[in-house]
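**Q** Quick one: the structure is below, questions incoming.
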Amino acid sequence: MSALVLDGKALAESREQQLHAAVEALLTDGGRKPALATILVGSDPASATYVQMKVNACGRVGMESVRVDLPQSTTTEELLEVIGQLNDDPDVCGILLQHPVPPQIDERACFDAIAIDKDVDGVTTQGYGLMAMGEDAYGSATPAGIMTLLRYYDIPLEGKHAVVVGRSPILGKPMAAMLLNANATVTVCHSRTTDLADQVARADILVGAVGQPELIKAEWIKDGAVVVDAGYHPGGIGDIEKTGLAERVAALTPVPGGVGPMTINALISQTVESAQKR
Ligand SMILES: Nc1nc2c(c(=O)[nH]1)N[C@@H](CN(C=O)c1ccc(C(=O)N[C@@H](CCC(=O)O)C(=O)O)cc1)CN2
């Protein structure tokens with residue numbers, strides 16, 4: 001057996017063409033060019049790269065981006081002020097606050113200050129709650145991108161046992177809620193899980209969302225599982241060790257080229273959706 005490769009890069013590229021057409025349609029209807037505001041606090045090189053990738057994706061689909069780059073010393077109050085201004089800006093239809101922010105900032109307070117109709121990255125407590133209850137809300141970008149990828153490849157979820165390793169507010173927790181909403185039986189593992197190998201071994205669908213290089217060992221994963229790796233570490237390493245997996249699992253996401261491009265695509269897609277609602 002050779003695993004089906006869940007090619008997020010290719011899917012994101014083809015979806016960008018549709019998004020470009022959707023943006024064109026908005027413009028011919030006399031609408032304004034949709035704009036995504038990106039906020040980067042500090043100078044972490046990886047975060048700067050991710051923000052630049054998002055700005056580039058905006059350009060490829062014909063959208064504007066409004067870049068706000070703030071110094072490392074920014075306070076919570078200063079960041080809240082910037083978010084307030086972007087909330088009030090009629091030209092901005094989506095706001096992205098790049099995670100992580102420097103330690104002196106109350107990140108949760110700043111995420112929650114983003115207006116719900118501009119929360120296209122799905123980071124607010126309100127958006128998470130609505131999504132978890134099955135109500136209309138933008139999903140957190142990485143899990144939303146993963147769900148789009150799984151649906152595109154017709155991966156069955158209903159009645160399957162999904163194991164999510166990681167419980168962060170913008171990845172593990174919303175991922176678990178989305179899989180539950182798709183009628184999977186969901187187990188969430190985390191740093192205090194005492195029998196991680198046993199839990200992983202029960203997964204029909206495994207999502208690595210823990211942010212530690214190759215924490216999840218290939219030998220724990222059962223034959224025929226669907227393996228989704230949301231980790232991205234230097235050297236093209238994910239959260240899941242891949243040795244020998246391609247020969248025995250049903251499907252897997254590559255790193256790079258799997259979940260990462262779908263994260264950006266989900267953000268852009270939800271920004272276009274927000275523009276369409278205006
Ligand atoms: N506000 C947010 N902050 C963060 C998020 C998020 O969704 N919202 N996610 C991550 C980082 N991230 C986007 O911000 C991200 C990381 C990696 C990729 C990606 O496409 N990676 C490539 C490889 C990278 C490379 O070529 O350099 C891949 O996997 O193919 C996209 C987005 C944390 N912060």
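Every chain in the structure tokens takes a letter, A first, then B, and so on in the order presented; its residues are numbered from 1, and the ligands are numbered from 1 following the presented order.
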Using only C-alpha atoms and all ligand atoms, determine which residues fall within 8 Å of ligand 1, then list them as a PyMOL selection string.
**A** chain A and resi 8-9+46-47+49-51+53-54+96-100+121+123+140-142+170-171+230-232+236+254-264+267
**Q** Convert the current residue selection to file output with C-alpha atoms, as a short mmCIF file (atom, residue, chain, number, x, y, z; two decimals), in the first residue's frame.
**A**
data_model
loop_
_atom_site.label_atom_id
_atom_site.label_comp_id
_atom_site.auth_asym_id
_atom_site.auth_seq_id
_atom_site.Cartn_x
_atom_site.Cartn_y
_atom_site.Cartn_z
CA GLY A 8 -2.42 21.01 0.55
CA LYS A 9 -0.17 23.05 -1.71
CA ALA A 46 9.34 32.86 11.40
CA SER A 47 6.33 35.04 12.23
CA THR A 49 7.78 35.01 7.08
CA TYR A 50 4.25 33.75 7.77
CA VAL A 51 2.83 37.29 7.66
CA MET A 53 3.20 34.68 2.99
CA LYS A 54 -0.29 35.92 3.91
CA LEU A 96 -5.04 38.87 11.46
CA LEU A 97 -3.00 39.18 14.65
CA GLN A 98 0.03 36.94 14.19
CA HIS A 99 0.64 34.51 17.06
CA PRO A 100 2.73 34.50 19.20
CA ASP A 121 -8.58 33.98 11.41
CA VAL A 123 -9.20 33.43 17.05
CA SER A 140 -9.60 29.02 13.26
CA ALA A 141 -7.44 29.00 10.12
CA THR A 142 -5.34 25.86 10.58
CA ILE A 170 -6.15 28.26 17.88
CA LEU A 171 -5.30 24.70 16.87
CA ALA A 230 0.04 20.45 11.57
CA GLY A 231 3.63 20.88 12.75
CA TYR A 232 6.27 22.83 10.80
CA GLY A 236 10.79 20.20 6.87
CA PRO A 254 3.37 16.14 3.68
CA VAL A 255 5.53 18.67 5.54
CA PRO A 256 6.02 21.07 3.84
CA GLY A 257 3.13 21.31 1.39
CA GLY A 258 0.27 19.92 3.48
CA VAL A 259 -1.40 21.82 6.30
CA GLY A 260 0.67 25.05 6.04
CA PRO A 261 -0.65 26.20 2.65
CA MET A 262 -4.20 25.29 3.70
CA THR A 263 -3.85 27.50 6.81
CA ILE A 264 -3.15 30.51 4.62
CA LEU A 267 -7.57 32.78 6.12
#
**Q** May I have all residues of region 140-272 of chain A that DSSP, computed from the backbone, assigns to alpha helix (DSSP H), given as an NGL selection string?
**A** :A and (141-152 or 172-181 or 196-201 or 259-272)
**Q** Take the selection from the previous step and output its residues with N, CA and C atoms, as a short mmCIF file (atom, residue, chain, number, x, y, z; two decimals), in the first residue's frame.
**A**
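Produced file out26.cif, reproduced below:
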data_model
loop_
_atom_site.label_atom_id
_atom_site.label_comp_id
_atom_site.auth_asym_id
_atom_site.auth_seq_id
_atom_site.Cartn_x
_atom_site.Cartn_y
_atom_site.Cartn_z
N ALA A 141 -7.93 29.25 11.49
CA ALA A 141 -7.44 29.00 10.12
C ALA A 141 -6.84 27.61 9.91
N THR A 142 -5.98 27.16 10.83
CA THR A 142 -5.34 25.86 10.58
C THR A 142 -6.36 24.71 10.61
N PRO A 143 -7.17 24.58 11.67
CA PRO A 143 -8.16 23.49 11.63
C PRO A 143 -9.17 23.64 10.49
N ALA A 144 -9.54 24.88 10.17
CA ALA A 144 -10.49 25.07 9.05
C ALA A 144 -9.85 24.58 7.75
N GLY A 145 -8.55 24.88 7.58
CA GLY A 145 -7.85 24.42 6.37
C GLY A 145 -7.74 22.90 6.34
N ILE A 146 -7.51 22.30 7.50
CA ILE A 146 -7.43 20.83 7.57
C ILE A 146 -8.78 20.21 7.19
N MET A 147 -9.87 20.79 7.69
CA MET A 147 -11.20 20.23 7.36
C MET A 147 -11.46 20.34 5.86
N THR A 148 -11.05 21.45 5.25
CA THR A 148 -11.24 21.61 3.80
C THR A 148 -10.44 20.53 3.06
N LEU A 149 -9.23 20.28 3.53
CA LEU A 149 -8.37 19.27 2.89
C LEU A 149 -8.99 17.86 3.03
N LEU A 150 -9.47 17.54 4.22
CA LEU A 150 -10.06 16.21 4.46
C LEU A 150 -11.32 16.03 3.61
N ARG A 151 -12.12 17.10 3.52
CA ARG A 151 -13.35 17.01 2.72
C ARG A 151 -13.02 16.86 1.24
N TYR A 152 -12.02 17.62 0.79
CA TYR A 152 -11.66 17.56 -0.63
C TYR A 152 -11.26 16.14 -1.03
N GLY A 172 -5.46 22.95 18.57
CA GLY A 172 -5.98 21.68 19.08
C GLY A 172 -7.45 21.75 19.47
N LYS A 173 -7.82 22.77 20.24
CA LYS A 173 -9.21 22.85 20.72
C LYS A 173 -10.21 23.02 19.58
N PRO A 174 -9.99 24.01 18.69
CA PRO A 174 -10.96 24.11 17.58
C PRO A 174 -10.94 22.90 16.65
N MET A 175 -9.77 22.28 16.49
CA MET A 175 -9.69 21.07 15.64
C MET A 175 -10.61 19.98 16.21
N ALA A 176 -10.54 19.80 17.53
CA ALA A 176 -11.37 18.78 18.18
C ALA A 176 -12.85 19.10 17.97
N ALA A 177 -13.21 20.38 18.12
CA ALA A 177 -14.62 20.76 17.97
C ALA A 177 -15.09 20.54 16.53
N MET A 178 -14.24 20.85 15.56
CA MET A 178 -14.65 20.67 14.15
C MET A 178 -14.83 19.19 13.82
N LEU A 179 -13.94 18.35 14.34
CA LEU A 179 -14.06 16.90 14.08
C LEU A 179 -15.30 16.35 14.78
N LEU A 180 -15.58 16.85 15.97
CA LEU A 180 -16.79 16.43 16.69
C LEU A 180 -18.04 16.85 15.90
N ASN A 181 -18.02 18.07 15.38
CA ASN A 181 -19.15 18.54 14.58
C ASN A 181 -19.33 17.71 13.31
N LEU A 196 0.26 8.46 25.92
CA LEU A 196 0.14 9.03 24.58
C LEU A 196 0.25 7.97 23.48
N ALA A 197 1.20 7.07 23.61
CA ALA A 197 1.40 6.06 22.58
C ALA A 197 0.14 5.21 22.40
N ASP A 198 -0.50 4.83 23.51
CA ASP A 198 -1.72 4.01 23.44
C ASP A 198 -2.87 4.78 22.81
N GLN A 199 -2.99 6.06 23.17
CA GLN A 199 -4.07 6.87 22.59
C GLN A 199 -3.87 7.04 21.08
N VAL A 200 -2.63 7.33 20.70
CA VAL A 200 -2.33 7.52 19.26
C VAL A 200 -2.63 6.22 18.50
N ALA A 201 -2.35 5.10 19.11
CA ALA A 201 -2.54 3.80 18.45
C ALA A 201 -4.01 3.52 18.14
N VAL A 259 -0.52 20.96 5.49
CA VAL A 259 -1.40 21.82 6.30
C VAL A 259 -1.05 23.31 6.17
N GLY A 260 0.24 23.63 6.08
CA GLY A 260 0.67 25.05 6.04
C GLY A 260 -0.04 25.85 4.96
N PRO A 261 0.04 25.43 3.70
CA PRO A 261 -0.65 26.20 2.65
C PRO A 261 -2.16 26.29 2.85
N MET A 262 -2.76 25.25 3.46
CA MET A 262 -4.20 25.29 3.70
C MET A 262 -4.56 26.27 4.82
N THR A 263 -3.63 26.49 5.75
CA THR A 263 -3.85 27.50 6.81
C THR A 263 -4.02 28.88 6.17
N ILE A 264 -3.11 29.20 5.27
CA ILE A 264 -3.15 30.51 4.62
C ILE A 264 -4.38 30.59 3.72
N ASN A 265 -4.69 29.49 3.05
CA ASN A 265 -5.84 29.49 2.16
C ASN A 265 -7.15 29.70 2.94
N ALA A 266 -7.24 29.10 4.13
CA ALA A 266 -8.47 29.27 4.93
C ALA A 266 -8.63 30.73 5.33
N LEU A 267 -7.52 31.36 5.73
CA LEU A 267 -7.57 32.78 6.12
C LEU A 267 -8.05 33.65 4.95
N ILE A 268 -7.46 33.42 3.79
CA ILE A 268 -7.80 34.25 2.62
C ILE A 268 -9.25 33.99 2.20
N SER A 269 -9.63 32.73 2.21
CA SER A 269 -10.99 32.36 1.82
C SER A 269 -12.02 33.01 2.75
N GLN A 270 -11.73 33.01 4.05
CA GLN A 270 -12.66 33.60 5.02
C GLN A 270 -12.67 35.13 4.90
N THR A 271 -11.55 35.71 4.46
CA THR A 271 -11.53 37.17 4.24
C THR A 271 -12.42 37.53 3.04
N VAL A 272 -12.35 36.71 2.00
CA VAL A 272 -13.21 36.96 0.83
C VAL A 272 -14.68 36.81 1.24
#
**Q** Run DSSP on the backbone and grab whatever in region 117-214 of chain A lands in strand (DSSP E or B); send it over as a PyMOL selection string.
**A** chain A and resi 161-165+185-189+205-208
**Q** For the residues in that selection, give me N, CA and C atoms as a CSV table (one decimal), in the first residue's frame.
**A**
chain,number,residue,atom,x,y,z
A,161,HIS,N,-12.6,7.3,14.9
A,161,HIS,CA,-12.0,7.8,16.1
A,161,HIS,C,-10.9,8.7,15.7
A,162,ALA,N,-11.1,10.0,16.0
A,162,ALA,CA,-10.0,11.0,15.7
A,162,ALA,C,-9.3,11.3,17.0
A,163,VAL,N,-8.0,11.3,16.9
A,163,VAL,CA,-7.1,11.7,18.1
A,163,VAL,C,-6.4,12.9,17.7
A,164,VAL,N,-6.6,14.0,18.5
A,164,VAL,CA,-5.9,15.3,18.3
A,164,VAL,C,-4.8,15.4,19.4
A,165,VAL,N,-3.6,15.5,19.0
A,165,VAL,CA,-2.5,15.7,20.0
A,165,VAL,C,-2.2,17.2,20.1
A,185,THR,N,-15.6,10.6,16.7
A,185,THR,CA,-15.4,10.4,18.1
A,185,THR,C,-14.0,10.9,18.4
A,186,VAL,N,-14.0,11.9,19.3
A,186,VAL,CA,-12.7,12.7,19.4
A,186,VAL,C,-12.0,12.5,20.8
A,187,THR,N,-10.7,12.2,20.7
A,187,THR,CA,-9.9,12.2,21.9
A,187,THR,C,-8.9,13.3,21.8
A,188,VAL,N,-8.7,14.1,22.8
A,188,VAL,CA,-7.7,15.2,22.8
A,188,VAL,C,-6.6,14.8,23.8
A,189,CYS,N,-5.4,14.7,23.3
A,189,CYS,CA,-4.2,14.4,24.1
A,189,CYS,C,-3.4,15.7,24.3
A,205,ILE,N,-8.1,8.7,12.6
A,205,ILE,CA,-7.6,10.0,12.1
A,205,ILE,C,-6.7,10.6,13.2
A,206,LEU,N,-5.5,10.8,12.8
A,206,LEU,CA,-4.6,11.4,13.8
A,206,LEU,C,-4.2,12.8,13.4
A,207,VAL,N,-4.3,13.8,14.3
A,207,VAL,CA,-3.8,15.1,14.0
A,207,VAL,C,-2.7,15.5,15.0
A,208,GLY,N,-1.6,15.7,14.5
A,208,GLY,CA,-0.4,16.2,15.3
A,208,GLY,C,-0.5,17.7,15.3
**Q** Between A:Asp91, A:Asp136, A:Asp106, A:Glu13, single out the one closest to Gly31 (chain A), counting only C-alpha atoms.
**A**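 Nearest to Gly31 (chain A): A:Asp91.
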**Q** What lies within 9 Å of Pro234 (chain A) using only C-alpha atoms, ignoring chain neighbours under 3 positions off, as a PDB file with N, CA and C atoms, in the first residue's frame?
**A**
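Below is the file that was written, result_32.pdb:
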ATOM      1  N   PRO A 213       8.853  18.885  17.501  1.00  0.00           N
ATOM      2  CA  PRO A 213       9.309  18.081  16.364  1.00  0.00           C
ATOM      3  C   PRO A 213       9.284  16.578  16.639  1.00  0.00           C
ATOM      4  N   ILE A 237      10.454  19.291   9.085  1.00  0.00           N
ATOM      5  CA  ILE A 237      10.043  18.270  10.063  1.00  0.00           C
ATOM      6  C   ILE A 237       8.709  18.693  10.674  1.00  0.00           C
ATOM      7  N   GLY A 238       7.835  17.715  10.870  1.00  0.00           N
ATOM      8  CA  GLY A 238       6.547  17.995  11.492  1.00  0.00           C
ATOM      9  C   GLY A 238       6.507  17.504  12.928  1.00  0.00           C
TER      10      GLY A 238
END
**Q** Determine, counting only C-alpha atoms, which protein, DNA and RNA residues have an atom within 8 Å of an atom of Ile95 (chain A); residues of the same chain fewer than 3 positions away are not included. Present the result as a list in words.
**A**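 My reading of the contact set: Leu36, Ala37, Thr38, Ile39, Leu86, Val92, Ile114, Lys118, Asp119, Val120 and Asp121 of chain A.
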**Q** Go ahead and write the residues just picked, N, CA and C atoms, as a compact mmCIF listing (two decimals), in the first residue's frame.
**A**
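And here is the file that came out, selection36.txt:
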# COMPACT_ATOMS: atom_id res chain seq x y z
N LEU A 36 -7.29 42.74 3.89
CA LEU A 36 -6.96 42.03 5.13
C LEU A 36 -5.91 42.86 5.86
N ALA A 37 -6.16 43.16 7.13
CA ALA A 37 -5.15 43.83 7.95
C ALA A 37 -4.32 42.77 8.67
N THR A 38 -3.01 42.87 8.55
CA THR A 38 -2.13 41.94 9.27
C THR A 38 -1.40 42.73 10.35
N ILE A 39 -1.32 42.14 11.53
CA ILE A 39 -0.58 42.78 12.63
C ILE A 39 0.53 41.84 13.07
N LEU A 86 -8.62 49.35 13.52
CA LEU A 86 -8.89 48.47 12.37
C LEU A 86 -10.34 47.98 12.40
N VAL A 92 -11.35 47.69 5.87
CA VAL A 92 -10.74 46.44 6.35
C VAL A 92 -11.85 45.42 6.61
N ILE A 114 -10.83 41.70 18.60
CA ILE A 114 -11.13 41.73 17.16
C ILE A 114 -12.64 41.58 16.96
N LYS A 118 -14.95 40.59 11.67
CA LYS A 118 -13.62 40.69 11.03
C LYS A 118 -12.68 39.60 11.51
N ASP A 119 -13.20 38.66 12.30
CA ASP A 119 -12.36 37.60 12.87
C ASP A 119 -12.18 36.46 11.86
N VAL A 120 -11.55 36.79 10.74
CA VAL A 120 -11.42 35.83 9.63
C VAL A 120 -10.35 34.76 9.91
N ASP A 121 -9.59 34.97 11.00
CA ASP A 121 -8.58 33.98 11.41
C ASP A 121 -9.14 33.06 12.50
**Q** What's the 6 Å shell around Val226 (chain A), counting only C-alpha atoms, without same-chain residues fewer than 6 positions away, as a tab-separated table (two decimals) with N, CA and C atoms, in the first residue's frame?
**A**
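Everything below was put into around-v1.tsv:
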chain	number	residue	atom	x	y	z
A	205	ILE	N	-8.10	8.68	12.59
A	205	ILE	CA	-7.63	9.98	12.08
A	205	ILE	C	-6.72	10.55	13.16
A	250	ALA	N	-3.26	5.04	5.37
A	250	ALA	CA	-4.15	5.26	4.22
A	250	ALA	C	-3.84	6.58	3.54
A	251	ALA	N	-3.54	7.61	4.34
A	251	ALA	CA	-3.32	8.95	3.78
A	251	ALA	C	-2.48	9.75	4.75
A	252	LEU	N	-1.72	10.69	4.20
A	252	LEU	CA	-0.95	11.59	5.08
A	252	LEU	C	-0.70	12.93	4.42
**Q** Would you compute the distance between CA of Ala57 (chain A) and CA of Gly42 (chain A)? Give it in Å to one decimal.
**A**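 Distance between the two atoms: 21.6 Å.
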